[in-house]
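**Student:** So here's my_file-v9.cif (mmCIF, C-alpha atoms).
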data_target
loop_
_atom_site.label_atom_id
_atom_site.label_comp_id
_atom_site.auth_asym_id
_atom_site.auth_seq_id
_atom_site.Cartn_x
_atom_site.Cartn_y
_atom_site.Cartn_z
CA MET A 1 -61.20 32.12 7.80
CA ILE A 2 -60.65 32.75 11.51
CA LYS A 3 -57.25 34.31 10.77
CA LYS A 4 -58.89 36.75 8.35
CA LEU A 5 -61.48 37.74 10.98
CA TYR A 6 -58.76 38.30 13.57
CA GLU A 7 -57.05 40.67 11.16
CA GLU A 8 -60.33 42.53 10.56
CA PHE A 9 -60.66 43.02 14.32
CA GLU A 10 -57.03 44.18 14.45
CA ILE A 11 -56.12 41.19 16.61
CA ASP A 12 -52.68 39.76 15.92
CA SER A 13 -53.29 36.34 14.32
CA SER A 14 -50.36 34.92 16.31
CA LEU A 15 -52.70 35.10 19.29
CA ILE A 16 -54.73 32.17 17.91
CA GLU A 17 -52.14 29.73 19.24
CA PHE A 18 -51.83 31.75 22.47
CA GLU A 19 -55.62 31.55 22.91
CA GLU A 20 -55.61 27.77 22.46
CA LYS A 21 -52.89 27.32 25.09
CA ILE A 22 -54.78 29.48 27.59
CA GLU A 23 -58.02 27.56 27.04
CA PHE A 24 -56.27 24.21 27.49
CA THR A 25 -54.95 25.42 30.85
CA ILE A 26 -58.31 26.63 32.17
CA GLU A 27 -60.57 23.91 30.77
CA ARG A 28 -61.10 22.15 34.10
CA GLN A 29 -62.23 25.41 35.71
CA PHE A 30 -65.09 25.63 33.24
CA LYS A 31 -66.55 22.30 34.39
CA LYS A 32 -66.91 23.68 37.92
CA ILE A 33 -68.64 26.79 36.58
CA ASP A 34 -71.07 24.74 34.49
CA LYS A 35 -72.05 22.69 37.55
CA ILE A 36 -72.91 25.83 39.53
CA MET A 37 -74.76 27.27 36.54
CA LYS A 38 -76.90 24.14 36.19
CA TYR A 39 -77.93 24.26 39.85
CA ASN A 40 -78.82 27.96 39.72
CA GLN A 41 -80.72 27.57 36.46
CA MET A 42 -82.89 24.86 38.02
CA LYS A 43 -83.42 27.00 41.13
CA VAL A 44 -84.57 29.98 39.07
CA LEU A 45 -86.83 27.85 36.86
CA LYS A 46 -88.52 26.31 39.91
CA ALA A 47 -89.18 29.77 41.35
CA PHE A 48 -90.90 30.83 38.11
CA GLN A 49 -93.05 27.72 38.15
CA ASN A 50 -93.95 28.13 41.83
CA ALA A 51 -95.03 31.72 41.15
CA LYS A 52 -97.27 30.46 38.32
CA VAL A 53 -96.12 33.13 35.89
CA GLY A 54 -98.44 33.52 32.91
CA GLU A 55 -98.32 35.63 29.77
CA ASP A 56 -100.97 37.95 31.18
CA ASP A 57 -98.56 38.89 33.97
CA PHE A 58 -96.52 40.93 31.49
CA ALA A 59 -99.38 43.41 30.99
CA SER A 60 -98.51 46.95 32.06
CA LYS A 61 -100.51 48.91 34.62
CA THR A 62 -101.01 52.68 34.69
CA GLY A 63 -101.29 55.39 37.32
CA TYR A 64 -100.48 54.18 40.81
CA GLY A 65 -99.81 50.62 39.72
CA PHE A 66 -102.18 49.03 42.21
CA SER A 67 -102.76 45.26 41.97
CA ASP A 68 -99.92 44.62 39.53
CA ILE A 69 -99.88 40.81 39.63
CA GLY A 70 -96.80 40.59 37.39
CA ARG A 71 -94.82 42.85 39.71
CA GLU A 72 -95.93 40.80 42.72
CA LYS A 73 -94.90 37.54 41.06
CA LEU A 74 -91.54 39.00 40.04
CA GLU A 75 -90.82 39.97 43.63
CA LYS A 76 -91.98 36.55 44.81
CA ILE A 77 -89.50 34.93 42.40
CA TYR A 78 -86.62 37.05 43.74
CA ALA A 79 -87.59 36.25 47.33
CA GLU A 80 -87.64 32.51 46.63
CA VAL A 81 -84.36 32.42 44.70
CA PHE A 82 -82.57 34.43 47.39
CA ASN A 83 -84.35 32.53 50.21
CA THR A 84 -85.84 35.60 51.88
CA ASP A 85 -89.24 36.67 53.18
CA ASP A 86 -89.83 39.38 50.60
CA ALA A 87 -88.26 41.47 47.85
CA ILE A 88 -88.44 44.82 46.11
CA VAL A 89 -87.61 44.68 42.38
CA ARG A 90 -88.24 47.91 40.50
CA PRO A 91 -87.08 49.58 37.27
CA THR A 92 -87.34 52.93 39.07
CA ILE A 93 -84.37 52.07 41.30
CA VAL A 94 -81.77 53.79 39.16
CA SER A 95 -78.63 51.89 40.22
CA GLY A 96 -77.07 49.60 42.77
CA THR A 97 -76.06 52.67 44.77
CA HIS A 98 -79.69 53.80 44.83
CA ALA A 99 -80.81 50.37 46.10
CA LEU A 100 -78.17 50.45 48.83
CA ASN A 101 -79.09 54.03 49.76
CA LEU A 102 -82.75 53.01 50.16
CA CYS A 103 -81.68 50.30 52.60
CA LEU A 104 -79.39 52.57 54.60
CA THR A 105 -81.76 55.53 54.82
CA GLY A 106 -84.76 53.30 55.39
CA LEU A 107 -83.20 51.46 58.32
CA LEU A 108 -80.83 53.93 60.01
CA PHE A 109 -81.94 56.92 62.09
CA PRO A 110 -80.26 59.56 64.30
CA GLY A 111 -78.21 57.91 67.02
CA ASP A 112 -78.01 54.52 65.28
CA GLU A 113 -74.59 52.95 64.87
CA MET A 114 -73.41 51.45 61.57
CA VAL A 115 -70.17 49.47 61.33
CA SER A 116 -68.68 48.69 57.92
CA ILE A 117 -66.56 45.56 58.44
CA SER A 118 -65.16 45.25 54.89
CA GLY A 119 -63.34 48.57 54.87
CA THR A 120 -64.43 51.71 53.04
CA PRO A 121 -67.51 51.02 50.91
CA TYR A 122 -67.50 51.52 47.14
CA ASP A 123 -66.70 55.07 45.99
CA THR A 124 -70.30 56.06 45.20
CA LEU A 125 -71.38 55.30 48.78
CA GLU A 126 -68.83 57.63 50.36
CA GLU A 127 -71.12 60.61 49.77
CA VAL A 128 -74.18 58.64 50.93
CA ILE A 129 -72.47 57.94 54.25
CA GLY A 130 -70.75 61.32 54.55
CA LEU A 131 -67.13 60.23 54.17
CA ARG A 132 -66.80 62.66 51.27
CA GLY A 133 -68.82 65.75 50.42
CA ASP A 134 -71.21 67.48 52.79
CA TYR A 135 -74.72 66.72 51.63
CA PRO A 136 -77.31 67.65 54.28
CA GLY A 137 -79.04 64.27 54.02
CA ASN A 138 -76.04 61.97 54.28
CA LEU A 139 -75.97 59.48 57.14
CA ILE A 140 -73.39 61.24 59.28
CA ASN A 141 -75.15 64.61 58.92
CA ILE A 142 -78.48 63.15 60.10
CA GLY A 143 -76.77 61.75 63.20
CA VAL A 144 -75.87 58.17 62.29
CA ILE A 145 -72.69 56.99 64.01
CA TYR A 146 -70.34 55.46 61.46
CA LYS A 147 -67.47 53.11 62.25
CA GLN A 148 -65.22 51.17 59.94
CA VAL A 149 -63.07 48.07 60.28
CA ASP A 150 -60.64 47.40 57.45
CA LEU A 151 -59.98 43.92 56.18
CA ASP A 152 -56.68 42.38 57.25
CA SER A 153 -53.58 42.39 55.06
CA ASP A 154 -54.69 39.18 53.35
CA GLY A 155 -58.12 40.58 52.47
CA PHE A 156 -60.09 38.65 55.10
CA PHE A 157 -62.36 39.89 57.88
CA ASN A 158 -60.30 41.24 60.80
CA GLN A 159 -62.25 39.34 63.41
CA ASP A 160 -60.47 40.72 66.48
CA GLU A 161 -61.11 44.33 65.42
CA ILE A 162 -64.70 43.54 64.42
CA LEU A 163 -65.44 42.09 67.84
CA LYS A 164 -63.94 45.22 69.44
CA ASN A 165 -66.06 47.62 67.37
CA VAL A 166 -69.38 45.78 67.13
CA SER A 167 -71.42 45.80 70.34
CA LYS A 168 -74.92 44.90 71.45
CA ASP A 169 -75.85 48.53 70.76
CA THR A 170 -74.78 48.41 67.09
CA LYS A 171 -77.80 48.81 64.80
CA MET A 172 -76.26 47.64 61.52
CA VAL A 173 -73.19 45.81 60.27
CA TYR A 174 -72.44 46.53 56.61
CA ILE A 175 -70.54 44.22 54.23
CA GLN A 176 -69.44 44.76 50.64
CA ARG A 177 -69.00 41.41 48.91
CA SER A 178 -67.20 42.64 45.80
CA SER A 179 -63.69 44.03 45.80
CA GLY A 180 -64.82 47.38 44.35
CA TYR A 181 -61.90 49.60 43.40
CA SER A 182 -59.46 47.79 45.66
CA TRP A 183 -56.85 45.09 45.32
CA ARG A 184 -58.45 42.26 47.25
CA ASN A 185 -60.46 39.14 46.65
CA SER A 186 -64.21 39.31 46.88
CA LEU A 187 -65.65 37.80 50.04
CA THR A 188 -66.77 34.20 49.76
CA ILE A 189 -69.99 32.71 51.08
CA GLU A 190 -67.91 30.82 53.66
CA ASP A 191 -66.26 34.06 54.84
CA ILE A 192 -69.65 35.73 55.15
CA GLU A 193 -71.30 32.81 56.98
CA ASN A 194 -68.51 32.64 59.54
CA ILE A 195 -68.60 36.35 60.43
CA VAL A 196 -72.42 36.45 60.50
CA LYS A 197 -72.44 33.78 63.23
CA LYS A 198 -69.95 35.74 65.34
CA ILE A 199 -71.92 38.98 65.01
CA LYS A 200 -75.24 37.33 65.84
CA ASN A 201 -73.61 35.93 68.98
CA ILE A 202 -73.08 39.54 70.11
CA ASN A 203 -76.70 40.51 69.48
CA LYS A 204 -79.09 38.52 67.28
CA ASN A 205 -81.01 41.73 66.50
CA ILE A 206 -78.11 43.48 64.74
CA ILE A 207 -79.09 44.05 61.11
CA ILE A 208 -76.46 42.57 58.80
CA MET A 209 -76.67 44.21 55.38
CA LEU A 210 -74.72 43.19 52.29
CA ASP A 211 -73.93 44.85 48.97
CA ASN A 212 -74.27 41.93 46.54
CA CYS A 213 -73.37 43.80 43.33
CA TYR A 214 -71.45 41.55 40.89
CA GLY A 215 -71.92 38.51 43.16
CA GLU A 216 -75.23 36.92 42.16
CA PHE A 217 -75.08 33.30 40.92
CA LEU A 218 -71.36 32.85 41.57
CA SER A 219 -72.07 29.88 43.83
CA GLU A 220 -74.93 27.58 44.75
CA LEU A 221 -75.60 29.62 47.89
CA GLU A 222 -76.33 33.34 48.18
CA PRO A 223 -75.40 35.47 51.23
CA THR A 224 -79.04 35.44 52.38
CA ASP A 225 -78.79 31.64 52.61
CA VAL A 226 -76.17 32.02 55.36
CA GLY A 227 -77.72 34.68 57.59
CA ILE A 228 -77.56 38.05 55.82
CA ASP A 229 -80.69 39.99 56.86
CA VAL A 230 -81.00 42.37 53.91
CA MET A 231 -79.17 42.55 50.58
CA ALA A 232 -79.26 44.75 47.51
CA GLY A 233 -77.94 44.90 43.98
CA SER A 234 -78.38 46.25 40.46
CA LEU A 235 -80.45 44.82 37.62
CA ILE A 236 -77.94 46.00 35.02
CA LYS A 237 -75.37 43.70 36.59
CA ASN A 238 -75.69 39.93 37.10
CA PRO A 239 -79.41 39.40 37.80
CA GLY A 240 -80.60 41.43 34.81
CA GLY A 241 -79.05 38.91 32.44
CA GLY A 242 -78.33 41.69 29.94
CA LEU A 243 -82.04 42.29 29.29
CA ALA A 244 -83.20 44.51 32.17
CA ILE A 245 -82.83 48.08 30.93
CA SER A 246 -82.75 49.62 34.40
CA GLY A 247 -83.48 48.86 38.01
CA GLY A 248 -82.36 47.42 41.29
CA TYR A 249 -83.45 44.85 43.83
CA ILE A 250 -83.59 44.48 47.59
CA VAL A 251 -84.27 41.17 49.34
CA GLY A 252 -84.51 40.38 53.02
CA LYS A 253 -86.55 39.84 56.14
CA GLN A 254 -90.14 41.01 56.00
CA TYR A 255 -89.92 43.77 58.60
CA LEU A 256 -86.84 45.23 56.91
CA ILE A 257 -88.38 45.18 53.44
CA ASP A 258 -91.47 46.88 54.88
CA LEU A 259 -89.36 49.70 56.37
CA ILE A 260 -87.33 50.16 53.19
CA ALA A 261 -90.51 50.22 51.08
CA GLN A 262 -91.84 53.11 53.18
CA ARG A 263 -88.65 54.99 52.33
CA MET A 264 -88.88 54.06 48.65
CA THR A 265 -92.36 55.52 48.20
CA SER A 266 -94.00 57.04 51.27
CA PRO A 267 -94.99 56.01 54.80
CA GLY A 268 -98.30 54.22 54.57
CA ILE A 269 -97.86 53.32 50.89
CA GLY A 270 -94.79 51.08 50.85
CA LYS A 271 -94.47 48.66 47.94
CA GLU A 272 -98.18 48.57 47.08
CA GLN A 273 -97.66 51.23 44.44
CA GLY A 274 -95.14 51.76 41.69
CA LEU A 275 -95.36 51.34 37.95
CA MET A 276 -93.19 48.79 36.16
CA PHE A 277 -93.30 50.88 32.95
CA ASN A 278 -93.79 47.74 30.85
CA ALA A 279 -90.48 46.33 32.12
CA THR A 280 -91.77 43.17 33.82
CA ARG A 281 -91.16 40.90 30.83
CA ASN A 282 -87.53 42.01 30.30
CA ILE A 283 -86.70 41.87 34.00
CA MET A 284 -88.19 38.39 34.34
CA GLN A 285 -86.57 37.06 31.18
CA GLY A 286 -83.21 38.55 32.14
CA PHE A 287 -83.40 36.92 35.57
CA PHE A 288 -84.26 33.59 33.95
CA LEU A 289 -81.18 33.84 31.71
CA ALA A 290 -78.90 35.24 34.42
CA PRO A 291 -77.33 31.96 35.65
CA LYS A 292 -76.10 31.17 32.12
CA VAL A 293 -75.03 34.74 31.34
CA VAL A 294 -73.12 35.01 34.61
CA SER A 295 -71.32 31.73 33.89
CA GLU A 296 -70.19 33.13 30.52
CA ALA A 297 -68.85 36.26 32.22
CA ILE A 298 -66.94 34.20 34.80
CA LYS A 299 -65.33 32.15 32.04
CA GLY A 300 -64.22 35.36 30.38
CA ALA A 301 -62.74 36.61 33.66
CA ILE A 302 -60.77 33.38 34.11
CA PHE A 303 -59.44 33.59 30.54
CA CYS A 304 -58.41 37.18 31.22
CA ALA A 305 -56.65 36.22 34.46
CA GLU A 306 -54.63 33.45 32.85
CA ALA A 307 -53.76 35.43 29.72
CA TYR A 308 -52.43 38.46 31.60
CA SER A 309 -50.72 36.28 34.19
CA VAL A 310 -48.81 34.49 31.43
CA LEU A 311 -47.83 37.92 30.08
CA GLY A 312 -46.26 38.77 33.43
CA TYR A 313 -48.91 40.95 35.06
CA GLU A 314 -50.27 40.71 38.60
CA VAL A 315 -53.91 39.63 38.49
CA ASN A 316 -56.54 39.30 41.18
CA PRO A 317 -58.07 36.81 41.63
CA LYS A 318 -55.54 34.40 40.22
CA THR A 319 -56.62 31.90 37.59
CA PHE A 320 -57.48 28.98 39.89
CA GLU A 321 -58.68 30.89 42.95
CA ASN A 322 -62.31 30.69 44.03
CA ARG A 323 -64.39 33.62 42.76
CA SER A 324 -67.19 35.45 44.50
CA ASP A 325 -67.83 38.16 41.91
CA ILE A 326 -67.38 38.54 38.15
CA ILE A 327 -64.62 41.16 38.35
CA GLN A 328 -61.07 40.51 37.17
CA SER A 329 -58.44 43.00 38.34
CA ILE A 330 -55.18 43.54 36.47
CA LYS A 331 -52.37 45.76 37.74
CA LEU A 332 -51.28 47.58 34.58
CA LYS A 333 -48.66 49.81 36.25
CA ASP A 334 -49.25 53.12 34.45
CA GLU A 335 -51.96 55.47 33.18
CA LYS A 336 -51.25 54.88 29.49
CA SER A 337 -51.73 51.12 29.83
CA VAL A 338 -55.06 51.58 31.62
CA ILE A 339 -56.36 53.93 28.93
CA LYS A 340 -55.21 51.72 26.04
CA PHE A 341 -56.71 48.62 27.66
CA CYS A 342 -60.11 50.27 28.12
CA GLN A 343 -60.04 51.75 24.63
CA ALA A 344 -59.46 48.26 23.22
CA ILE A 345 -62.42 46.85 25.16
CA GLN A 346 -64.58 49.70 23.85
CA GLU A 347 -63.48 48.98 20.28
CA ALA A 348 -64.51 45.33 20.77
CA ALA A 349 -68.06 46.35 21.71
CA PRO A 350 -71.16 45.97 19.51
CA ILE A 351 -72.34 49.47 20.47
CA ASP A 352 -70.30 52.70 20.30
CA SER A 353 -67.21 50.79 19.15
CA TYR A 354 -66.07 53.92 17.30
CA VAL A 355 -65.96 56.13 20.42
CA ASN A 356 -62.54 57.48 21.41
CA LEU A 357 -62.71 56.71 25.12
CA GLN A 358 -61.09 59.10 27.61
CA PRO A 359 -61.05 59.47 31.42
CA TRP A 360 -63.58 61.92 32.88
CA ASP A 361 -64.89 63.30 36.17
CA MET A 362 -67.78 60.88 36.67
CA PRO A 363 -70.33 61.86 39.36
CA GLY A 364 -69.89 59.93 42.60
CA TYR A 365 -66.17 59.20 42.19
CA ASN A 366 -63.23 60.97 43.81
CA SER A 367 -60.86 60.69 40.85
CA LYS A 368 -61.14 60.62 37.08
CA VAL A 369 -62.55 57.35 35.79
CA ILE A 370 -62.36 55.67 32.41
CA MET A 371 -65.20 53.30 31.56
CA ALA A 372 -65.39 51.03 28.54
CA ALA A 373 -69.05 50.16 28.20
CA GLY A 374 -70.15 49.72 24.61
CA ALA A 375 -73.29 47.98 25.75
CA PHE A 376 -76.88 47.57 24.64
CA ILE A 377 -77.84 48.85 28.12
CA GLN A 378 -75.97 52.00 29.20
CA GLY A 379 -73.63 51.16 32.07
CA SER A 380 -74.46 47.45 31.99
CA SER A 381 -71.48 45.73 33.57
CA ILE A 382 -72.76 42.22 32.90
CA GLU A 383 -72.02 43.11 29.28
CA LEU A 384 -68.38 43.30 28.18
CA SER A 385 -66.92 46.24 30.07
CA ALA A 386 -63.85 47.56 31.85
CA ASP A 387 -63.25 50.53 34.07
CA ALA A 388 -60.58 52.08 36.23
CA PRO A 389 -59.96 55.11 38.40
CA ILE A 390 -56.98 57.02 37.07
CA ARG A 391 -54.82 56.68 40.15
CA GLU A 392 -51.95 54.54 41.40
CA PRO A 393 -51.35 51.62 41.30
CA TYR A 394 -53.27 51.80 37.98
CA ILE A 395 -55.52 48.78 38.29
CA VAL A 396 -58.10 48.05 35.60
CA TYR A 397 -61.27 46.15 36.44
CA PHE A 398 -62.55 43.88 33.67
CA GLN A 399 -65.96 42.23 33.83
CA GLY A 400 -68.89 40.93 31.88
CA GLY A 401 -69.51 39.47 28.47
CA LEU A 402 -72.95 38.14 27.56
CA THR A 403 -71.05 35.37 25.79
CA TYR A 404 -67.65 33.91 26.60
CA GLU A 405 -66.64 34.33 22.97
CA HIS A 406 -67.25 38.07 23.07
CA ALA A 407 -65.25 38.39 26.29
CA LYS A 408 -62.34 36.62 24.58
CA ILE A 409 -62.44 39.00 21.62
CA GLY A 410 -62.15 41.96 23.99
CA ILE A 411 -59.26 40.41 25.92
CA LEU A 412 -57.32 39.43 22.81
CA LYS A 413 -57.88 42.88 21.31
CA SER A 414 -56.52 44.48 24.48
CA ILE A 415 -53.40 42.33 24.29
CA SER A 416 -52.91 43.27 20.63
CA ARG A 417 -53.32 46.96 21.45
CA LEU A 418 -50.84 46.91 24.33
CA THR A 419 -48.39 44.94 22.20
CA LYS A 420 -48.68 47.42 19.34
CA GLU A 421 -48.06 50.30 21.77
CA GLY A 422 -44.87 48.61 22.92
CA ILE A 423 -46.26 48.02 26.44
CA ILE A 424 -46.42 44.22 26.20
CA GLU A 425 -43.42 42.31 24.86
CA ARG A 426 -44.28 38.89 23.49
#
Translate the structure described by the file into structure tokens.
**Tutor:**
Amino acid sequence: MIKKLYEEFEIDSSLIEFEEKIEFTIERQFKKIDKIMKYNQMKVLKAFQNAKVGEDDFASKTGYGFSDIGREKLEKIYAEVFNTDDAIVRPTIVSGTHALNLCLTGLLFPGDEMVSISGTPYDTLEEVIGLRGDYPGNLINIGVIYKQVDLDSDGFFNQDEILKNVSKDTKMVYIQRSSGYSWRNSLTIEDIENIVKKIKNINKNIIIMLDNCYGEFLSELEPTDVGIDVMAGSLIKNPGGGLAISGGYIVGKQYLIDLIAQRMTSPGIGKEQGLMFNATRNIMQGFFLAPKVVSEAIKGAIFCAEAYSVLGYEVNPKTFENRSDIIQSIKLKDEKSVIKFCQAIQEAAPIDSYVNLQPWDMPGYNSKVIMAAGAFIQGSSIELSADAPIREPYIVYFQGGLTYEHAKIGILKSISRLTKEGIIER
């Protein structure tokens, strides 16, 4: 029966044995993931209980959204899980980039110095900062002083250069946890904790901000447990659990959340207003499911790493390396391989599986991008997805899968496609 289904999915049935060998190799990794998932599930459940969430809290407000108890409890849950004073969790934050932009523009003013210590931020932030484009409201154009320290050749914080560039007059230090479109490992909680201590020794008042996209629930600790002052991410990635249809979150110290909230709405209004547009239930339920969903995505990433490693490709992270985000990078060597890989992932999707995927000039990126995202939620990268900028060295970034089984189908289909095209020799 399973052989017949493989054939219907256009997956070479000889891959059944290949799949079994890969799973035997990675079995012990899954036990570690399940342990982390169990801890995070209990942590999230306790936060819901402490907030005393009731069915009435899902009721939707109108107009200004004053006294929305459900919204307040949702933000209390996020603050407890991430061990912070307060949180902003809103469906009207359109993306992770929007959440990060609210933090940057809410906290940085003319003459302030920002130092990015994990290299160039993700592509979509280049225009926010002013590294690309010339928008009147970008940080550099409003007078923010921007500095950047690249990671060292091994992908770790370059501590000597950081200590040279960060001074007592620095207003903000910025960190991107995920690898983004680069060939490096994501930054671990241990890496982050160590550098936070060194920066706070320079000046305890420096704001340390972190982009946590793709990193939630990868370990028992979050960056805000080890000294990060303010952190942001997207609800259509890990914390949305595949159910949040839009939105972003920001968590951090009270005075920082207050300042960011004034930017989000208006000075004097802050986070007291803002409709949830009947999204509270989905956002809450997605967050409740997120530890399990994230664990499924990580298992898929590990399967992908081992499968393509066995086939002779460079992968990052490697199969048994510690992971701090859900992204699996594969160096596919040429444009054709990238396109065929992403097309196979799209064909394995439940939604838009029939779409003939092609690279395009996506807003916010400095090269053509191909994105496989046949998801229930448009752009949801906690669902099975893959994307890549069409540029050397032709790396594809695979992530997501609401279930491990679905992630496997996508990976096996990609191998079948590349084999059929004569790219992979097995």
**Student:** Give as a list in words the set of residues within 7 Å of the point (-56.5, 37.3, 22.2), where distances use the file's coordinates and only C-alpha atoms.
**Tutor:**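 In the file's frame, the residues around the point are Ile11, Leu15, Ile16, Glu19, Lys408, Ile409, Ile411, Leu412, Lys413 and Ile415 of chain A.
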**Student:** Go ahead and dump the residues you just picked, C-alpha atoms, as a short mmCIF file (atom, residue, chain, number, x, y, z; two decimals), keeping the file's coordinate frame.
**Tutor:**
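Dumped to selection-v3.cif:
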data_model
loop_
_atom_site.label_atom_id
_atom_site.label_comp_id
_atom_site.auth_asym_id
_atom_site.auth_seq_id
_atom_site.Cartn_x
_atom_site.Cartn_y
_atom_site.Cartn_z
CA ILE A 11 -56.12 41.19 16.61
CA LEU A 15 -52.70 35.10 19.29
CA ILE A 16 -54.73 32.17 17.91
CA GLU A 19 -55.62 31.55 22.91
CA LYS A 408 -62.34 36.62 24.58
CA ILE A 409 -62.44 39.00 21.62
CA ILE A 411 -59.26 40.41 25.92
CA LEU A 412 -57.32 39.43 22.81
CA LYS A 413 -57.88 42.88 21.31
CA ILE A 415 -53.40 42.33 24.29
#
**Student:** Within 9 Å of A:Phe48, counting only C-alpha atoms, which residues show up once you throw out same-chain ones fewer than 3 positions away? Write them as a PDB file with C-alpha atoms, in the frame of the given file, please.
**Tutor:**
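Listed below is the output, result13.pdb:
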ATOM      1  CA  LYS A  43     -83.420  27.000  41.130  1.00  0.00           C
ATOM      2  CA  VAL A  44     -84.570  29.980  39.070  1.00  0.00           C
ATOM      3  CA  LEU A  45     -86.830  27.850  36.860  1.00  0.00           C
ATOM      4  CA  ALA A  51     -95.030  31.720  41.150  1.00  0.00           C
ATOM      5  CA  LYS A  52     -97.270  30.460  38.320  1.00  0.00           C
ATOM      6  CA  VAL A  53     -96.120  33.130  35.890  1.00  0.00           C
ATOM      7  CA  LYS A  73     -94.900  37.540  41.060  1.00  0.00           C
ATOM      8  CA  LEU A  74     -91.540  39.000  40.040  1.00  0.00           C
ATOM      9  CA  LYS A  76     -91.980  36.550  44.810  1.00  0.00           C
ATOM     10  CA  ILE A  77     -89.500  34.930  42.400  1.00  0.00           C
ATOM     11  CA  MET A 284     -88.190  38.390  34.340  1.00  0.00           C
ATOM     12  CA  PHE A 288     -84.260  33.590  33.950  1.00  0.00           C
TER      13      PHE A 288
END
**Student:** Where does the PyMOL selection byres ((chain A and resi 382) around 8) land in this file, that is, which residues does it pick, as a PyMOL selection string?
**Tutor:** chain A and resi 236-238+241-242+293-294+297+380-381+383-385+399-402
**Student:** What is the distance between atom CA of A:Lys331 and atom CA of A:Glu127, in Å to one decimal?
**Tutor:**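 Interatomic distance, atom CA of A:Lys331 to atom CA of A:Glu127: 26.8 Å.
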**Student:** What residues come out when you apply the PyMOL selection byres ((chain A and resi 361-363) around 12) to this file, written as a PyMOL selection string?
**Tutor:** chain A and resi 123-127+133+358-360+364-371+387-390
**Student:** Using all atoms listed in the file, pick whichever of A:Val115, A:Met276, A:Met172, A:Met42 has the shortest atom-to-atom distance to A:Pro291.
**Tutor:**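 Once distances to A:Pro291 are computed over all atoms listed in the file, the minimum belongs to A:Met42.
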**Student:** Kindly resolve the PyMOL selection byres ((chain A and resi 298) around 9) on the present coordinates and return the residues as a VMD selection string.
**Tutor:** chain A and resid 30 33 218 293 to 297 299 to 303 323 325 to 328 399 to 401 404
**Student:** Write out as a PyMOL selection string the residues lying within 9 Å of stretch 246-260 of chain A, counting only C-alpha atoms and excluding same-chain residues fewer than 4 positions away.
**Tutor:** chain A and resi 75+78-79+82-100+102-107+207+224+228-236+240+264-265+267+270-271+279+283+377-378+380
**Student:** Using only C-alpha atoms, which protein or nucleic acid residues come within 8 Å of A:Gly65? Drop anything in the same chain fewer than 2 positions from it, and give the result as a list of chain:residue names.
**Tutor:** A:Lys61, A:Thr62, A:Gly63, A:Ser67, A:Asp68, A:Glu272, A:Gln273, A:Gly274, A:Leu275, A:Met276
**Student:** How far is it from atom CA of A:Val128 to atom CA of A:Ile145, in Å with one decimal?
**Tutor:**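 Separation of atom CA of A:Val128 and atom CA of A:Ile145: 13.3 Å.
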**Student:** For A:Ser324, which residue out of A:Ala348, A:Leu221, A:Leu108, A:Val196 is the nearest one, using only C-alpha atoms?
**Tutor:** A:Leu221
